[in-house]
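Heads up, data_15.cif below (mmCIF, N, CA and C atoms):
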```
data_run
#
loop_
_atom_site.label_atom_id
_atom_site.label_comp_id
_atom_site.auth_asym_id
_atom_site.auth_seq_id
_atom_site.Cartn_x
_atom_site.Cartn_y
_atom_site.Cartn_z
N MET A 14 -37.09 19.43 -1.48
CA MET A 14 -36.67 18.04 -1.26
C MET A 14 -35.34 18.03 -0.52
N GLU A 15 -35.25 17.17 0.47
CA GLU A 15 -34.02 17.11 1.26
C GLU A 15 -32.88 16.48 0.47
N ASN A 16 -31.66 16.84 0.84
CA ASN A 16 -30.49 16.25 0.20
C ASN A 16 -30.27 14.85 0.74
N LEU A 17 -30.10 13.90 -0.16
CA LEU A 17 -29.84 12.53 0.24
C LEU A 17 -28.34 12.34 0.41
N VAL A 18 -27.96 11.85 1.56
CA VAL A 18 -26.55 11.63 1.86
C VAL A 18 -26.31 10.13 1.91
N ARG A 19 -25.29 9.67 1.19
CA ARG A 19 -24.92 8.25 1.19
C ARG A 19 -23.89 8.00 2.28
N TYR A 20 -24.18 6.96 3.09
CA TYR A 20 -23.26 6.54 4.14
C TYR A 20 -22.72 5.17 3.77
N PRO A 21 -21.42 5.06 3.48
CA PRO A 21 -20.85 3.78 3.07
C PRO A 21 -21.03 2.70 4.14
N VAL A 22 -21.26 1.49 3.69
CA VAL A 22 -21.36 0.33 4.57
C VAL A 22 -20.14 -0.54 4.25
N HIS A 23 -19.29 -0.75 5.25
CA HIS A 23 -18.05 -1.51 5.03
C HIS A 23 -18.10 -2.91 5.63
N GLU A 24 -19.09 -3.16 6.48
CA GLU A 24 -19.25 -4.50 7.05
C GLU A 24 -20.72 -4.69 7.40
N SER A 25 -21.14 -5.93 7.39
CA SER A 25 -22.54 -6.23 7.67
C SER A 25 -22.69 -7.67 8.11
N LYS A 26 -23.67 -7.91 8.97
CA LYS A 26 -24.00 -9.28 9.38
C LYS A 26 -24.98 -9.90 8.39
N ASP A 27 -25.59 -9.09 7.56
CA ASP A 27 -26.50 -9.59 6.53
C ASP A 27 -25.68 -10.31 5.46
N PRO A 28 -25.96 -11.59 5.17
CA PRO A 28 -25.13 -12.35 4.23
C PRO A 28 -25.11 -11.76 2.82
N THR A 29 -26.21 -11.18 2.37
CA THR A 29 -26.25 -10.59 1.03
C THR A 29 -25.40 -9.33 0.98
N ALA A 30 -25.58 -8.45 1.95
CA ALA A 30 -24.77 -7.22 2.00
C ALA A 30 -23.29 -7.57 2.14
N PHE A 31 -22.98 -8.57 2.97
CA PHE A 31 -21.60 -9.00 3.15
C PHE A 31 -20.98 -9.46 1.83
N ALA A 32 -21.74 -10.26 1.06
CA ALA A 32 -21.23 -10.75 -0.24
C ALA A 32 -21.02 -9.59 -1.22
N LEU A 33 -21.91 -8.61 -1.21
CA LEU A 33 -21.75 -7.45 -2.10
C LEU A 33 -20.54 -6.61 -1.71
N ILE A 34 -20.35 -6.41 -0.41
CA ILE A 34 -19.19 -5.66 0.08
C ILE A 34 -17.91 -6.39 -0.30
N LYS A 35 -17.90 -7.71 -0.10
CA LYS A 35 -16.72 -8.52 -0.43
C LYS A 35 -16.39 -8.43 -1.92
N SER A 36 -17.41 -8.53 -2.78
CA SER A 36 -17.14 -8.46 -4.22
C SER A 36 -16.61 -7.08 -4.61
N SER A 37 -17.11 -6.04 -3.96
CA SER A 37 -16.62 -4.68 -4.22
C SER A 37 -15.17 -4.54 -3.78
N ASN A 38 -14.87 -5.00 -2.58
CA ASN A 38 -13.50 -4.90 -2.05
C ASN A 38 -12.50 -5.69 -2.88
N ASN A 39 -12.94 -6.81 -3.46
CA ASN A 39 -12.05 -7.66 -4.26
C ASN A 39 -12.10 -7.36 -5.75
N ASN A 40 -12.84 -6.33 -6.12
CA ASN A 40 -12.97 -5.95 -7.53
C ASN A 40 -13.44 -7.13 -8.38
N GLN A 41 -14.50 -7.81 -7.89
CA GLN A 41 -15.04 -8.98 -8.57
C GLN A 41 -16.51 -8.75 -8.90
N ALA A 42 -16.95 -9.27 -10.02
CA ALA A 42 -18.37 -9.22 -10.35
C ALA A 42 -19.09 -10.29 -9.54
N ILE A 43 -20.37 -10.08 -9.31
CA ILE A 43 -21.16 -11.03 -8.53
C ILE A 43 -22.49 -11.28 -9.25
N ALA A 44 -22.94 -12.52 -9.21
CA ALA A 44 -24.21 -12.90 -9.83
C ALA A 44 -25.29 -12.90 -8.75
N PHE A 45 -26.46 -12.35 -9.07
CA PHE A 45 -27.58 -12.37 -8.13
C PHE A 45 -28.89 -12.22 -8.88
N TYR A 46 -29.96 -12.63 -8.21
CA TYR A 46 -31.32 -12.41 -8.72
C TYR A 46 -31.83 -11.13 -8.10
N TYR A 47 -32.45 -10.28 -8.91
CA TYR A 47 -33.01 -9.03 -8.38
C TYR A 47 -34.52 -9.06 -8.51
N TYR A 48 -35.20 -8.86 -7.39
CA TYR A 48 -36.67 -8.92 -7.35
C TYR A 48 -37.25 -7.51 -7.33
N GLY A 49 -36.92 -6.76 -8.34
CA GLY A 49 -37.40 -5.39 -8.48
C GLY A 49 -37.14 -4.94 -9.89
N GLY A 50 -37.51 -3.73 -10.20
CA GLY A 50 -37.26 -3.19 -11.53
C GLY A 50 -38.19 -3.76 -12.58
N SER A 51 -37.84 -3.57 -13.83
CA SER A 51 -38.70 -3.97 -14.94
C SER A 51 -38.60 -5.45 -15.29
N SER A 52 -37.57 -6.13 -14.80
CA SER A 52 -37.39 -7.56 -15.09
C SER A 52 -37.16 -8.33 -13.80
N PRO A 53 -38.22 -8.52 -12.98
CA PRO A 53 -38.03 -9.22 -11.71
C PRO A 53 -37.50 -10.65 -11.90
N ARG A 54 -36.70 -11.08 -10.97
CA ARG A 54 -36.12 -12.43 -10.94
C ARG A 54 -35.12 -12.68 -12.05
N LEU A 55 -34.63 -11.64 -12.68
CA LEU A 55 -33.61 -11.79 -13.72
C LEU A 55 -32.26 -12.02 -13.05
N LEU A 56 -31.54 -13.05 -13.50
CA LEU A 56 -30.19 -13.29 -12.98
C LEU A 56 -29.28 -12.22 -13.59
N ARG A 57 -28.62 -11.49 -12.74
CA ARG A 57 -27.76 -10.40 -13.20
C ARG A 57 -26.32 -10.65 -12.80
N LEU A 58 -25.43 -10.09 -13.57
CA LEU A 58 -24.01 -10.09 -13.24
C LEU A 58 -23.64 -8.62 -13.10
N ALA A 59 -23.11 -8.25 -11.95
CA ALA A 59 -22.83 -6.84 -11.69
C ALA A 59 -21.49 -6.65 -11.02
N SER A 60 -20.87 -5.52 -11.31
CA SER A 60 -19.63 -5.11 -10.66
C SER A 60 -20.01 -4.06 -9.61
N VAL A 61 -19.96 -4.44 -8.36
CA VAL A 61 -20.39 -3.56 -7.27
C VAL A 61 -19.34 -2.49 -7.02
N GLU A 62 -19.79 -1.25 -7.05
CA GLU A 62 -18.90 -0.12 -6.77
C GLU A 62 -18.91 0.24 -5.29
N SER A 63 -20.12 0.21 -4.68
CA SER A 63 -20.23 0.54 -3.26
C SER A 63 -21.53 0.01 -2.69
N VAL A 64 -21.53 -0.18 -1.38
CA VAL A 64 -22.73 -0.54 -0.63
C VAL A 64 -22.93 0.62 0.35
N PHE A 65 -24.17 1.09 0.45
CA PHE A 65 -24.40 2.29 1.26
C PHE A 65 -25.82 2.34 1.81
N ARG A 66 -26.00 3.24 2.75
CA ARG A 66 -27.32 3.57 3.28
C ARG A 66 -27.57 5.04 2.99
N ILE A 67 -28.82 5.42 2.99
CA ILE A 67 -29.20 6.81 2.76
C ILE A 67 -29.85 7.32 4.03
N ASN A 68 -29.55 8.60 4.35
CA ASN A 68 -30.13 9.17 5.57
C ASN A 68 -31.66 9.02 5.56
N ASN A 69 -32.21 8.74 6.73
CA ASN A 69 -33.65 8.59 6.93
C ASN A 69 -34.27 7.42 6.17
N SER A 70 -33.49 6.43 5.78
CA SER A 70 -34.02 5.25 5.10
C SER A 70 -33.56 4.00 5.84
N PRO A 71 -34.45 3.03 6.02
CA PRO A 71 -34.05 1.80 6.71
C PRO A 71 -33.34 0.80 5.79
N HIS A 72 -33.23 1.12 4.50
CA HIS A 72 -32.71 0.17 3.52
C HIS A 72 -31.21 0.37 3.25
N THR A 73 -30.60 -0.72 2.79
CA THR A 73 -29.21 -0.70 2.33
C THR A 73 -29.25 -0.87 0.82
N TYR A 74 -28.36 -0.18 0.12
CA TYR A 74 -28.33 -0.18 -1.34
C TYR A 74 -26.94 -0.56 -1.84
N ALA A 75 -26.89 -1.00 -3.10
CA ALA A 75 -25.62 -1.28 -3.76
C ALA A 75 -25.61 -0.52 -5.08
N SER A 76 -24.54 0.19 -5.32
CA SER A 76 -24.33 0.85 -6.59
C SER A 76 -23.44 -0.07 -7.41
N ALA A 77 -23.89 -0.43 -8.62
CA ALA A 77 -23.14 -1.42 -9.40
C ALA A 77 -23.34 -1.19 -10.90
N TYR A 78 -22.35 -1.66 -11.66
CA TYR A 78 -22.48 -1.67 -13.12
C TYR A 78 -23.12 -3.00 -13.50
N CYS A 79 -24.31 -2.94 -14.09
CA CYS A 79 -25.06 -4.13 -14.47
C CYS A 79 -24.63 -4.56 -15.87
N GLN A 80 -24.11 -5.79 -15.99
CA GLN A 80 -23.64 -6.30 -17.28
C GLN A 80 -24.80 -6.49 -18.27
N GLN A 81 -26.00 -6.83 -17.77
CA GLN A 81 -27.14 -7.04 -18.67
C GLN A 81 -27.66 -5.73 -19.25
N ARG A 82 -27.68 -4.68 -18.44
CA ARG A 82 -28.21 -3.38 -18.87
C ARG A 82 -27.12 -2.47 -19.45
N HIS A 83 -25.88 -2.82 -19.23
CA HIS A 83 -24.73 -2.03 -19.68
C HIS A 83 -24.79 -0.59 -19.17
N GLU A 84 -25.13 -0.47 -17.88
CA GLU A 84 -25.14 0.84 -17.25
C GLU A 84 -25.12 0.69 -15.73
N ASN A 85 -24.79 1.79 -15.07
CA ASN A 85 -24.78 1.79 -13.62
C ASN A 85 -26.21 1.77 -13.10
N ARG A 86 -26.42 0.99 -12.04
CA ARG A 86 -27.74 0.84 -11.42
C ARG A 86 -27.59 0.90 -9.91
N ILE A 87 -28.68 1.22 -9.25
CA ILE A 87 -28.77 1.16 -7.79
C ILE A 87 -29.72 0.02 -7.46
N PHE A 88 -29.27 -0.92 -6.64
CA PHE A 88 -30.07 -2.08 -6.24
C PHE A 88 -30.34 -2.01 -4.74
N ARG A 89 -31.57 -2.29 -4.34
CA ARG A 89 -31.88 -2.38 -2.92
C ARG A 89 -31.50 -3.77 -2.45
N VAL A 90 -30.68 -3.85 -1.42
CA VAL A 90 -30.10 -5.12 -0.99
C VAL A 90 -31.17 -6.13 -0.57
N ASP A 91 -32.26 -5.67 0.05
CA ASP A 91 -33.28 -6.62 0.49
C ASP A 91 -34.09 -7.18 -0.67
N LYS A 92 -33.86 -6.70 -1.90
CA LYS A 92 -34.51 -7.24 -3.09
C LYS A 92 -33.58 -8.13 -3.90
N ILE A 93 -32.41 -8.42 -3.32
CA ILE A 93 -31.41 -9.26 -3.97
C ILE A 93 -31.40 -10.64 -3.32
N SER A 94 -31.31 -11.67 -4.16
CA SER A 94 -31.18 -13.04 -3.69
C SER A 94 -29.97 -13.66 -4.36
N LEU A 95 -29.09 -14.23 -3.57
CA LEU A 95 -27.89 -14.86 -4.12
C LEU A 95 -28.22 -16.28 -4.55
N PRO A 96 -27.65 -16.74 -5.68
CA PRO A 96 -27.85 -18.13 -6.10
C PRO A 96 -27.26 -19.08 -5.05
N GLN A 97 -27.72 -20.33 -5.07
CA GLN A 97 -27.21 -21.33 -4.13
C GLN A 97 -25.69 -21.47 -4.23
N ARG A 98 -25.20 -21.59 -5.46
CA ARG A 98 -23.75 -21.66 -5.69
C ARG A 98 -23.35 -20.33 -6.28
N GLN A 99 -22.70 -19.52 -5.47
CA GLN A 99 -22.33 -18.18 -5.90
C GLN A 99 -21.09 -18.22 -6.79
N THR A 100 -21.23 -17.63 -7.95
CA THR A 100 -20.11 -17.51 -8.87
C THR A 100 -19.63 -16.08 -8.84
N ILE A 101 -18.37 -15.91 -8.51
CA ILE A 101 -17.77 -14.56 -8.47
C ILE A 101 -16.66 -14.55 -9.49
N LEU A 102 -16.69 -13.57 -10.35
CA LEU A 102 -15.70 -13.46 -11.42
C LEU A 102 -14.83 -12.22 -11.23
N ARG A 103 -13.56 -12.36 -11.48
CA ARG A 103 -12.67 -11.21 -11.39
C ARG A 103 -12.94 -10.28 -12.57
N VAL A 104 -13.04 -9.02 -12.26
CA VAL A 104 -13.26 -8.00 -13.27
C VAL A 104 -11.90 -7.40 -13.64
N ARG A 105 -11.64 -7.33 -14.94
CA ARG A 105 -10.38 -6.75 -15.38
C ARG A 105 -10.39 -5.26 -15.12
N GLN A 106 -9.34 -4.76 -14.49
CA GLN A 106 -9.24 -3.35 -14.27
C GLN A 106 -8.73 -2.68 -15.53
N ASN A 107 -9.32 -1.53 -15.85
CA ASN A 107 -8.85 -0.76 -17.01
C ASN A 107 -7.58 -0.02 -16.61
N SER A 108 -6.58 -0.12 -17.44
CA SER A 108 -5.29 0.55 -17.15
C SER A 108 -5.25 1.90 -17.78
#
```
Here is the file; what I need is its structure written in the form of structure tokens.
Amino acid sequence: MENLVRYPVHESKDPTAFALIKSSNNNQAIAFYYYGGSSPRLLRLASVESVFRINNSPHTYASAYCQQRHENRIFRVDKISLPQRQTILRVRQNS
């Protein structure tokens, strides 16, 4: 199996990827609907750590801590839908 290399995405014209990058840069949680996984269309609150692409893949991904699952998850950006009124919450940094 080939080694998967993550390439960070720092800017995007895609509105969803842009919102995820912005929330990561501002250390803010973001609410979104995810249309994948075991609970499709579940509204999630996540703290995005990074947005990236993988070599030989046409998709963009977000690595984030999911508040509902209480663990780190990888989300495919094209399976994310932002609510009409986006609520972004500041995440407290651990000192």
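Residues with any atom within 6.5 Å of Arg89 of chain A, counting all atoms listed in the file and excluding same-chain neighbours fewer than 6 positions away, are Thr73, Tyr74 and Ala75 of chain A.
The set of residues in segment 22-68 of chain A assigned to alpha helix (DSSP H) by DSSP, using only backbone atoms of this structure, is Pro28, Thr29, Ala30, Phe31, Ala32, Leu33, Ile34, Lys35, Ser36, Ser37 and Asn38 of chain A.
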Excluding Val22 of chain A and any residue of its chain fewer than 5 positions from it, enumerate the residues within 7 Å of it, using all atoms listed in the file, and give them as a PyMOL selection string.
-> chain A and resi 34+63-66
On this structure, the PyMOL selection byres ((chain A and resi 76-79) around 6) would catch which residues? List them as a VMD selection string, sorted by chain and number. chain A and resid 58 to 65 74 to 75 80 to 88
Separating atom CA of Lys35 of chain A from atom C of His23 of chain A, to the nearest tenth of an Å, is a gap of 8.4 Å
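Here atom CA of Ser36 of chain A stands at a distance of 27.2 Å from atom C of Asn16 of chain A.
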